[in-house]
Structures are given as C-alpha cells and as structure tokens.
$ cat run_5.csv   # CSV, C-alpha atoms
chain,number,residue,atom,x,y,z
A,1,MET,CA,16.4,76.5,-133.1
A,2,ARG,CA,16.0,75.1,-129.7
A,3,ARG,CA,16.0,77.3,-126.7
A,4,ALA,CA,18.3,76.4,-123.9
A,5,SER,CA,16.4,75.0,-121.0
A,6,ARG,CA,16.7,76.9,-117.7
A,7,THR,CA,17.5,75.1,-114.6
A,8,THR,CA,16.3,76.6,-111.4
A,9,VAL,CA,18.5,76.0,-108.4
A,10,ALA,CA,16.8,76.5,-105.0
A,11,ALA,CA,18.7,78.8,-102.7
A,12,PRO,CA,20.0,77.1,-99.6
A,13,PRO,CA,18.0,77.9,-96.5
A,14,ASP,CA,19.4,80.4,-94.0
A,15,PRO,CA,21.3,78.7,-91.3
A,16,GLY,CA,19.6,78.5,-87.9
A,17,LEU,CA,20.7,80.5,-84.9
A,18,ALA,CA,22.4,77.4,-83.4
A,19,GLU,CA,24.5,76.9,-86.6
A,20,LEU,CA,26.0,80.4,-86.5
A,21,SER,CA,29.3,81.5,-84.9
A,22,PRO,CA,28.9,83.5,-81.7
A,23,ASP,CA,29.5,86.9,-83.4
A,24,GLN,CA,27.0,85.9,-86.2
A,25,ARG,CA,24.4,85.0,-83.6
A,26,LEU,CA,24.9,88.3,-81.8
A,27,ARG,CA,24.3,90.1,-85.1
A,28,ARG,CA,21.2,87.9,-85.9
A,29,LEU,CA,19.7,88.5,-82.5
A,30,GLU,CA,20.3,92.3,-82.7
A,31,LEU,CA,18.7,92.5,-86.2
A,32,THR,CA,15.7,90.4,-85.1
A,33,VAL,CA,15.0,92.6,-82.0
A,34,THR,CA,15.5,96.0,-83.7
A,35,ARG,CA,13.5,95.1,-86.8
A,36,ARG,CA,10.5,93.4,-85.1
A,37,LEU,CA,10.4,94.6,-81.5
A,38,ASN,CA,12.0,98.0,-81.3
A,39,GLY,CA,9.9,100.6,-79.6
A,40,LEU,CA,7.4,98.3,-78.1
A,41,LEU,CA,8.5,99.0,-74.5
A,42,HIS,CA,9.3,102.7,-75.0
A,43,GLY,CA,7.7,104.6,-72.2
A,44,GLN,CA,6.1,101.5,-70.7
A,45,TYR,CA,8.2,101.2,-67.5
A,46,ARG,CA,5.5,100.6,-65.0
A,47,GLY,CA,5.9,102.5,-61.7
A,48,LEU,CA,8.6,104.8,-63.1
A,49,LEU,CA,7.1,108.3,-62.8
A,50,PRO,CA,8.0,111.1,-65.2
A,51,GLY,CA,9.9,114.2,-64.1
A,52,PRO,CA,13.3,114.9,-62.5
A,53,GLY,CA,12.8,112.0,-60.0
A,54,SER,CA,10.8,110.8,-57.1
A,55,GLU,CA,13.0,107.9,-55.7
A,56,PRO,CA,14.6,109.1,-52.4
A,57,ALA,CA,18.4,108.8,-52.5
A,58,GLY,CA,19.5,110.4,-49.2
A,59,SER,CA,20.3,114.0,-48.4
A,60,ARG,CA,23.2,116.4,-48.7
A,61,GLU,CA,24.1,119.9,-47.4
A,62,TYR,CA,22.3,122.9,-49.0
A,63,ARG,CA,24.3,124.8,-51.5
A,64,PRO,CA,23.2,128.5,-51.7
A,65,GLY,CA,22.5,129.6,-55.3
A,66,GLU,CA,22.3,126.0,-56.6
A,67,ASP,CA,19.5,124.3,-54.7
A,68,GLU,CA,15.8,125.2,-54.5
A,69,VAL,CA,14.3,125.9,-51.1
A,70,ARG,CA,11.3,123.6,-51.9
A,71,ARG,CA,13.8,120.6,-51.9
A,72,MET,CA,14.8,121.2,-48.3
A,73,ASP,CA,14.9,118.2,-46.1
A,74,TRP,CA,13.5,119.7,-42.9
A,75,ALA,CA,13.8,116.6,-40.8
A,76,VAL,CA,17.6,116.2,-41.4
A,77,THR,CA,18.0,120.0,-41.1
A,78,ALA,CA,16.4,119.9,-37.6
A,79,ARG,CA,18.5,116.9,-36.5
A,80,THR,CA,21.9,118.3,-37.7
A,81,ALA,CA,21.2,122.1,-37.4
A,82,VAL,CA,22.7,122.4,-40.9
A,83,PRO,CA,20.5,123.0,-43.9
A,84,HIS,CA,20.1,119.9,-46.1
A,85,VAL,CA,18.2,119.1,-49.3
A,86,ARG,CA,16.7,115.9,-50.5
A,87,GLN,CA,18.4,113.9,-53.3
A,88,VAL,CA,16.4,111.8,-55.7
A,89,ASP,CA,17.2,109.4,-58.5
A,90,ALA,CA,15.9,110.1,-62.0
A,91,ASP,CA,12.9,107.8,-62.6
A,92,ARG,CA,13.4,108.1,-66.3
A,93,GLU,CA,16.6,106.1,-66.0
A,94,LEU,CA,15.6,102.4,-65.9
A,95,THR,CA,17.8,99.9,-64.1
A,96,THR,CA,17.2,96.3,-65.3
A,97,TRP,CA,18.5,93.3,-63.4
A,98,MET,CA,18.5,89.9,-65.0
A,99,LEU,CA,18.9,86.4,-63.5
A,100,VAL,CA,19.7,83.9,-66.2
A,101,ASP,CA,19.5,80.1,-65.4
A,102,GLY,CA,22.5,78.4,-67.1
A,103,THR,CA,22.3,75.1,-65.2
A,104,ALA,CA,22.2,71.7,-66.8
A,105,SER,CA,18.4,71.5,-67.2
A,106,MET,CA,18.6,74.5,-69.6
A,107,GLU,CA,20.9,72.5,-72.0
A,108,PHE,CA,18.1,70.5,-73.4
A,109,GLY,CA,16.3,71.1,-76.7
A,110,THR,CA,14.8,69.1,-79.6
A,111,ALA,CA,13.8,72.0,-81.9
A,112,GLU,CA,15.8,74.7,-83.7
A,113,LEU,CA,17.1,76.1,-80.4
A,114,ASP,CA,17.8,74.5,-77.1
A,115,LYS,CA,16.6,76.1,-73.9
A,116,ARG,CA,19.9,77.8,-73.2
A,117,GLU,CA,20.0,79.4,-76.6
A,118,LEU,CA,16.4,80.6,-76.3
A,119,ALA,CA,17.3,82.1,-72.9
A,120,VAL,CA,20.1,84.1,-74.6
A,121,ALA,CA,17.6,85.3,-77.2
A,122,ALA,CA,15.3,86.4,-74.4
A,123,VAL,CA,18.1,88.3,-72.7
A,124,ALA,CA,18.9,89.9,-76.0
A,125,ALA,CA,15.3,91.0,-76.5
A,126,VAL,CA,15.1,92.6,-73.0
A,127,GLY,CA,18.5,94.1,-73.3
A,128,PHE,CA,18.0,95.8,-76.7
A,129,LEU,CA,14.5,96.9,-75.8
A,130,THR,CA,15.4,98.6,-72.5
A,131,ALA,CA,18.6,100.1,-73.9
A,132,GLY,CA,18.5,103.9,-73.8
A,133,VAL,CA,20.3,107.0,-72.5
A,134,GLY,CA,20.9,106.5,-68.8
A,135,ASN,CA,19.4,103.0,-68.6
A,136,ARG,CA,21.5,100.3,-67.0
A,137,LEU,CA,21.6,96.6,-67.3
A,138,GLY,CA,23.0,94.1,-64.8
A,139,ALA,CA,22.9,90.3,-64.7
A,140,GLN,CA,23.7,87.3,-62.6
A,141,VAL,CA,24.1,84.0,-64.4
A,142,LEU,CA,23.6,80.6,-62.6
A,143,ARG,CA,26.2,78.1,-63.8
A,144,ALA,CA,27.4,74.7,-62.5
A,145,ASP,CA,30.5,76.3,-61.1
A,146,GLY,CA,28.8,79.2,-59.3
A,147,VAL,CA,27.2,82.5,-60.0
A,148,ARG,CA,28.8,84.9,-62.5
A,149,ARG,CA,28.0,88.6,-61.8
A,150,PHE,CA,27.8,91.4,-64.3
A,151,PRO,CA,27.5,94.9,-62.7
A,152,ALA,CA,24.8,97.2,-63.8
A,153,ARG,CA,26.1,99.4,-66.6
A,154,SER,CA,24.8,101.2,-69.6
A,155,GLY,CA,25.7,101.1,-73.3
A,156,ARG,CA,25.6,98.7,-76.2
A,157,THR,CA,29.1,97.4,-75.6
A,158,HIS,CA,28.1,96.2,-72.1
A,159,LEU,CA,25.1,94.4,-73.5
A,160,LEU,CA,27.0,92.7,-76.3
A,161,GLY,CA,29.7,91.7,-73.8
A,162,LEU,CA,27.0,90.0,-71.6
A,163,LEU,CA,25.5,88.2,-74.6
A,164,ARG,CA,28.9,87.1,-75.8
A,165,ALA,CA,29.7,85.7,-72.4
A,166,LEU,CA,26.4,83.8,-72.3
A,167,LEU,CA,27.0,82.3,-75.8
A,168,ALA,CA,30.6,81.3,-75.0
A,169,ALA,CA,29.9,79.8,-71.5
A,170,PRO,CA,31.1,76.2,-71.3
A,171,ARG,CA,28.5,73.4,-71.4
A,172,THR,CA,27.9,71.3,-68.3
A,173,PRO,CA,30.3,68.3,-68.4
A,174,GLY,CA,28.6,65.0,-69.2
A,175,HIS,CA,27.8,62.4,-66.5
A,176,GLY,CA,30.9,60.3,-65.9
A,177,ASP,CA,33.2,63.2,-66.7
A,178,PRO,CA,35.7,63.6,-63.8
A,179,SER,CA,35.3,67.4,-64.1
A,180,ARG,CA,31.6,67.3,-63.3
A,181,PRO,CA,30.7,68.2,-59.7
A,182,PRO,CA,29.5,65.2,-57.6
A,183,ILE,CA,25.8,64.7,-56.9
A,184,GLY,CA,24.6,65.5,-53.4
A,185,SER,CA,21.9,63.9,-51.4
A,186,ALA,CA,19.4,66.5,-52.6
A,187,GLY,CA,19.8,65.4,-56.2
A,188,THR,CA,21.8,68.4,-57.4
A,189,SER,CA,25.5,68.9,-58.0
A,190,VAL,CA,27.5,69.7,-54.9
A,191,GLY,CA,28.3,73.4,-54.8
A,192,SER,CA,26.1,74.3,-57.8
A,193,PRO,CA,23.9,77.3,-57.1
A,194,GLU,CA,20.1,77.1,-57.1
A,195,LEU,CA,17.5,79.5,-58.3
A,196,ALA,CA,16.7,80.6,-54.7
A,197,ASP,CA,20.4,81.5,-54.3
A,198,GLY,CA,20.4,83.6,-57.5
A,199,LEU,CA,17.2,85.4,-56.4
A,200,ASP,CA,18.6,86.1,-53.0
A,201,ALA,CA,21.8,87.6,-54.5
A,202,LEU,CA,19.7,89.7,-56.9
A,203,HIS,CA,17.6,91.0,-54.0
A,204,ARG,CA,20.8,92.2,-52.3
A,205,VAL,CA,22.0,94.2,-55.2
A,206,ALA,CA,18.8,95.5,-56.8
A,207,HIS,CA,18.3,98.6,-54.5
A,208,GLN,CA,16.8,101.1,-57.0
A,209,ARG,CA,13.3,100.5,-58.1
A,210,GLY,CA,13.3,99.1,-61.7
A,211,LEU,CA,12.8,95.9,-63.7
A,212,VAL,CA,13.8,92.4,-62.6
A,213,VAL,CA,13.8,89.7,-65.3
A,214,VAL,CA,14.2,86.0,-64.4
A,215,VAL,CA,14.9,83.6,-67.3
A,216,SER,CA,14.6,80.0,-66.3
A,217,ASP,CA,12.5,76.8,-66.7
A,218,PHE,CA,11.6,77.3,-63.0
A,219,LEU,CA,11.9,73.5,-62.3
A,220,ASP,CA,14.6,74.0,-59.6
A,221,GLY,CA,13.3,72.9,-56.2
A,222,LEU,CA,9.7,72.5,-57.5
A,223,PRO,CA,8.0,70.2,-54.9
A,224,ASP,CA,5.9,67.2,-55.9
A,225,ASP,CA,3.1,68.5,-53.8
A,226,PRO,CA,1.6,71.7,-55.4
A,227,GLY,CA,0.5,72.8,-52.0
A,228,HIS,CA,4.1,73.3,-50.9
A,229,PRO,CA,5.9,76.4,-52.1
A,230,PRO,CA,9.3,76.1,-53.8
A,231,PRO,CA,12.3,77.6,-52.0
A,232,TRP,CA,12.5,80.5,-54.4
A,233,GLU,CA,8.9,81.8,-54.0
A,234,ALA,CA,9.5,83.9,-50.9
A,235,THR,CA,12.3,85.8,-52.5
A,236,LEU,CA,10.4,86.3,-55.7
A,237,ARG,CA,7.6,87.9,-53.6
A,238,ARG,CA,10.0,90.2,-51.9
A,239,LEU,CA,11.4,91.4,-55.2
A,240,SER,CA,7.9,92.1,-56.6
A,241,VAL,CA,7.2,94.4,-53.7
A,242,ARG,CA,9.7,97.0,-55.0
A,243,HIS,CA,10.3,96.0,-58.6
A,244,GLN,CA,8.3,95.1,-61.7
A,245,VAL,CA,9.2,91.4,-62.1
A,246,LEU,CA,9.1,89.6,-65.4
A,247,ALA,CA,9.4,85.8,-65.3
A,248,ILE,CA,10.4,84.3,-68.7
A,249,GLU,CA,9.7,80.5,-68.6
A,250,VAL,CA,11.6,78.5,-71.2
A,251,THR,CA,10.3,75.1,-72.2
A,252,ASP,CA,10.8,72.5,-74.9
A,253,PRO,CA,8.0,70.5,-76.6
A,254,ARG,CA,9.5,67.1,-75.5
A,255,GLU,CA,9.1,68.3,-71.9
A,256,LEU,CA,5.3,68.5,-72.4
A,257,GLU,CA,4.7,65.3,-74.4
A,258,LEU,CA,6.5,62.2,-75.5
A,259,PRO,CA,6.5,61.0,-79.1
A,260,ASP,CA,5.8,57.4,-80.1
A,261,VAL,CA,9.3,56.3,-81.0
A,262,GLY,CA,9.6,53.0,-79.1
A,263,LEU,CA,12.2,52.3,-76.4
A,264,ILE,CA,14.3,55.3,-75.4
A,265,THR,CA,16.6,56.2,-72.5
A,266,LEU,CA,15.8,59.3,-70.5
A,267,VAL,CA,18.5,61.1,-68.6
A,268,ASP,CA,18.0,63.7,-65.9
A,269,PRO,CA,20.6,66.4,-66.7
A,270,GLU,CA,20.8,67.6,-63.1
A,271,THR,CA,21.3,64.2,-61.4
A,272,GLY,CA,22.4,61.9,-64.2
A,273,ARG,CA,19.8,59.3,-63.4
A,274,HIS,CA,18.8,57.0,-66.3
A,275,ARG,CA,15.5,55.4,-67.1
A,276,GLU,CA,14.4,53.3,-70.0
A,277,VAL,CA,10.9,54.1,-71.2
A,278,CYS,CA,8.8,52.4,-73.9
A,279,THR,CA,7.0,55.3,-75.6
A,280,SER,CA,4.8,52.9,-77.6
A,281,ASP,CA,2.6,52.7,-74.5
A,282,ARG,CA,-0.3,55.1,-75.2
A,283,ARG,CA,-1.3,55.2,-71.6
A,284,LEU,CA,2.2,56.1,-70.5
A,285,ARG,CA,2.3,59.0,-73.0
A,286,GLU,CA,-1.0,60.3,-71.7
A,287,ARG,CA,0.2,60.1,-68.0
A,288,TYR,CA,3.4,61.9,-69.0
A,289,ALA,CA,1.4,64.7,-70.7
A,290,GLU,CA,-0.9,65.1,-67.8
A,291,ALA,CA,2.0,65.3,-65.3
A,292,ALA,CA,3.8,67.8,-67.4
A,293,ALA,CA,0.7,70.0,-67.8
A,294,ALA,CA,0.2,69.8,-64.0
A,295,GLN,CA,3.8,70.8,-63.4
A,296,ARG,CA,3.6,73.9,-65.7
A,297,GLU,CA,0.3,74.9,-64.1
A,298,GLN,CA,2.1,74.7,-60.7
A,299,VAL,CA,4.8,77.0,-62.1
A,300,ARG,CA,2.2,79.5,-63.3
A,301,GLN,CA,0.4,79.5,-59.9
A,302,VAL,CA,3.7,80.1,-58.1
A,303,LEU,CA,4.6,83.0,-60.4
A,304,ARG,CA,1.0,84.4,-60.0
A,305,ARG,CA,1.3,84.3,-56.2
A,306,GLY,CA,4.7,86.1,-56.5
A,307,ALA,CA,3.0,88.9,-58.5
A,308,ALA,CA,5.4,88.3,-61.4
A,309,THR,CA,4.4,88.9,-65.0
A,310,HIS,CA,4.6,85.6,-66.8
A,311,LEU,CA,6.0,85.2,-70.4
A,312,ALA,CA,6.2,81.6,-71.7
A,313,LEU,CA,8.7,80.9,-74.6
A,314,ARG,CA,9.1,77.5,-76.4
A,315,THR,CA,12.0,76.3,-78.4
A,316,ASP,CA,9.7,75.2,-81.3
A,317,ARG,CA,7.9,78.6,-81.6
A,318,ASP,CA,8.7,82.1,-82.9
A,319,TRP,CA,10.0,83.7,-79.8
A,320,GLY,CA,9.9,87.1,-81.4
A,321,ALA,CA,6.2,86.8,-82.1
A,322,ASP,CA,5.6,85.5,-78.5
A,323,ILE,CA,7.3,88.6,-77.1
A,324,VAL,CA,5.2,91.0,-79.3
A,325,ARG,CA,2.0,89.3,-78.2
A,326,HIS,CA,3.1,89.6,-74.6
A,327,VAL,CA,3.9,93.3,-74.8
A,328,HIS,CA,0.5,94.0,-76.5
A,329,ALA,CA,-1.3,92.0,-73.8
A,330,GLN,CA,0.5,94.0,-71.1
A,331,ARG,CA,-0.5,97.3,-72.7
A,332,ARG,CA,-4.1,96.2,-72.8
A,333,MET,CA,-3.9,95.3,-69.1
A,334,ALA,CA,-2.3,98.7,-68.3
A,335,ALA,CA,-5.3,100.4,-70.1
A,336,ALA,CA,-7.8,98.4,-68.1
A,337,PRO,CA,-9.6,99.8,-65.1
A,338,ALA,CA,-7.5,100.0,-61.9
A,339,GLY,CA,-7.8,97.2,-59.4
A,340,LEU,CA,-6.6,94.3,-61.6
A,341,ALA,CA,-3.9,92.0,-60.4
A,342,ARG,CA,-0.4,93.1,-61.0
A,343,GLY,CA,0.9,89.8,-62.2
A,344,GLY,CA,-0.3,88.2,-65.4
A,345,THR,CA,0.4,85.9,-68.2
A,346,ALA,CA,0.6,86.1,-72.0
$ encode --input "run_5.csv" --output "structure tokens"
Amino acid sequence: MRRASRTTVAAPPDPGLAELSPDQRLRRLELTVTRRLNGLLHGQYRGLLPGPGSEPAGSREYRPGEDEVRRMDWAVTARTAVPHVRQVDADRELTTWMLVDGTASMEFGTAELDKRELAVAAVAAVGFLTAGVGNRLGAQVLRADGVRRFPARSGRTHLLGLLRALLAAPRTPGHGDPSRPPIGSAGTSVGSPELADGLDALHRVAHQRGLVVVVSDFLDGLPDDPGHPPPWEATLRRLSVRHQVLAIEVTDPRELELPDVGLITLVDPETGRHREVCTSDRRLRERYAEAAAAQREQVRQVLRRGAATHLALRTDRDWGADIVRHVHAQRRMAAAPAGLARGGTA
C-alpha cells in the first residue's frame, strides 16, 4: 500500500511595513518597540534630577499650613512685602519635543521602507519609549504646505494620533502637477518651510528642560563648502544648551552609492531638476560615493558642533537593532569618567 505523498507549502512571507494599512502599521510599530526596545530608556533622562523638582517655575504667595518655610522665595518676598514661595516643575516628568522632516527629500527609498516611513518608525520608537505617567510629547512636522504643530500632551491616544497623522499625510505632488508650489530662486518650493524654520519654532515652544528629537536627512541648506555652517546649526546649538538633543539622521543606500545599471535619470525631489547619468562609468560611481561620504561626514561634524547626540538610521537596515545599539552606547558613555563631550554618535 502506497503512502500518500505530503506536499509542503511554504507560508507566505509577512508583509512589509509599507504594504500594511495605516492602522496595521501602527500596531506593527507598537509591537516592535514594546517587544524589543521597552525599558531601554527608563531612568536614562540625562539632566533630569530626581526628587520633587529643581526646575524654577516662578513664585506664588505663601499659604500658611500648606507650604514649607524652607521653600520661601526671600527675594520676591522682600520686593513685594508679601511672603512668597518658590514653585518648581517635577523633573521626573519628561517633556519631549520632536521635529519631523516631511519634505520632498524624505519621500525617497529603494529598500523595504522609504525615508519618510523610517522617520515615522523613529518617531514611534521615541514616543513609546518615553511614554510614562506625567511625560508629555509634542511635535512639529515640516511639510510642503507649512508646519503642522502638535501640542505637548501625555497619553497613548495622543501618540497614536500623531503617528496616524504622519502616516496619512499626503505625499508631495509630482513635478509638473499644478498643485505643487513653484520653485524659488534658492532651489526650494516657494513657501515651503526649511529645517531652520522648524528648529526656530521648536526653540520658541520648548521652554521646560527636556528631550528634543530632530528626525531628518539634514540635507536642507547644507553648503557645498564644509567650512560654512548650514543655516540651522546656530539654532541647534541654542537648543542643546538647555535640552538633551537627539539628531536622527535618515538615509537610503542609493544616496551613498550608485549601482551599475546603465543609463538612468536622476530627479531632485526638492527642485525637480533632471539629469541623465551613465552608471556604467566606474570612475563616476567612485566620485559619487566619495562625494556622498564627504556630505555625510559634513552632517556628522555639524551635529557634533551642535552638541547633539547622533543616531544614523538606514532604510536597508534593522532600525530596531540600530536603536538598541545606540542606547547601549549612550549608557556606556554615561558611565565613563566625567569630562567627555556631550554629543556623540552610535
């Protein structure tokens, strides 16, 4: 008697993040963060001291029976002739402000994710990791039509609303589309915000000491001469004086090197300029890789001068593993002897 042969059918691979619906992507991101990254940043808020609070927040009149005499604000009491006590903000409540670059240059990708989707994943990671009782998250999103602002609020619902808005944001219209803003003399869309504008707006609203996270490719306004600072460097330095600044750089492998695929047409997503390039030329590919490496080194040096911690994410790598390595590297730096530079890379 013959045995019936068994046919093994391979299970279909899990769909990638880009192939899921917005709600499914939110669930996938949350599961990825909570399973692989949860707890890594607990208690690691640099500069946020324990205790009831040490951040001055003004003064108010003394209430007998409620306030302690050791909290008296003697300077204000002397000026007003009315007893006042100092008010402080609780340092254990972390306020995180995020600036997310959603301009045309972020809508490029040749791997599983494009740069914009990877930026959303980075926002999800920071949001879920810093979520906690009393912690607040606010964001400003650079888009072609302006800056969309999300006030600092706490809670999972607020974070999911921010992520859903990032996933559902419309793509930049293609070149030749009448709805696309015209190109100005500087090579950018007329009226579209720049990274410097977003950092300036963030500096105006981030009053309480906390964490500032900037997610971008940091190519906006980057000068050809490495000796000249980009227009957003000065504001980045001002933010790092008061806050811990984390700069998340998002890149794609094709921005670093060209494949040998013959004649191709390259399009600048910001300006719409076209150029045909023969990638079969080995010397051209080498010059391209050298220029791309020099550009990324320029970004790293600017972030280092701005005292920002640098986290590089790529669309062709495991972004969760990169974040884990970054957090462990920061913990090692925190345990190192005092006197090391505040900014760093991982």
$ atom_distance --input "run_5.csv" --atom1 "atom CA of A:Glu194" --atom2 "atom CA of A:Asp318"
28.6 Å
$ residues_around --input "run_5.csv" --residues "A:Ala122" --least-positions-apart "6" --cutoff "9 Å" --atoms "all atoms listed in the file" --output "compact mmCIF listing (two decimals) with C-alpha atoms, keeping the file's coordinate frame"
# COMPACT_ATOMS: atom_id res chain seq x y z
CA VAL A 215 14.90 83.60 -67.30
CA ILE A 248 10.40 84.30 -68.70
CA LEU A 313 8.70 80.90 -74.60
CA TRP A 319 10.00 83.70 -79.80
CA GLY A 320 9.90 87.10 -81.40
CA ILE A 323 7.30 88.60 -77.10
$ closest_residue --input "run_5.csv" --among "A:Leu258, A:Ala307, A:Glu270, A:Ala152" --to "A:Arg283" --atoms "all atoms listed in the file"
A:Leu258
$ closest_residue --input "run_5.csv" --among "A:Leu199, A:Val327, A:Ala144, A:Met106" --to "A:Glu255" --atoms "only C-alpha atoms"
A:Met106
$ residues_near_point --input "run_5.csv" --point "(19.3, 87.6, -63.3)" --cutoff "7 Å" --atoms "only C-alpha atoms" --output "PyMOL selection string"
chain A and resi 97-100+139-141+202+213-214
$ residues_around --input "run_5.csv" --residues "stretch 109-119 of chain A" --least-positions-apart "3" --cutoff "9 Å" --atoms "only C-alpha atoms" --output "PyMOL selection string"
chain A and resi 16-18+100-103+105-106+122-124+166-167+215-217+248-254+313-317+319
$ atom_distance --input "run_5.csv" --atom1 "atom CA of A:Thr265" --atom2 "atom CA of A:Cys278"
8.8 Å
$ atom_distance --input "run_5.csv" --atom1 "atom CA of A:Pro230" --atom2 "atom CA of A:Ala293"
17.5 Å
$ closest_residue --input "run_5.csv" --among "A:Ala312, A:Ala206, A:Ala234, A:Ala121" --to "A:Pro151" --atoms "only C-alpha atoms"
A:Ala206
$ closest_residue --input "run_5.csv" --among "A:Arg238, A:Arg282, A:Arg171, A:Arg164" --to "A:Asp200" --atoms "only C-alpha atoms"
A:Arg238
$ residues_near_point --input "run_5.csv" --point "(20.1, 92.0, -81.0)" --cutoff "9 Å" --atoms "all atoms listed in the file" --output "ChimeraX atom specification"
/A:25-34,121,124-125,127-128,160
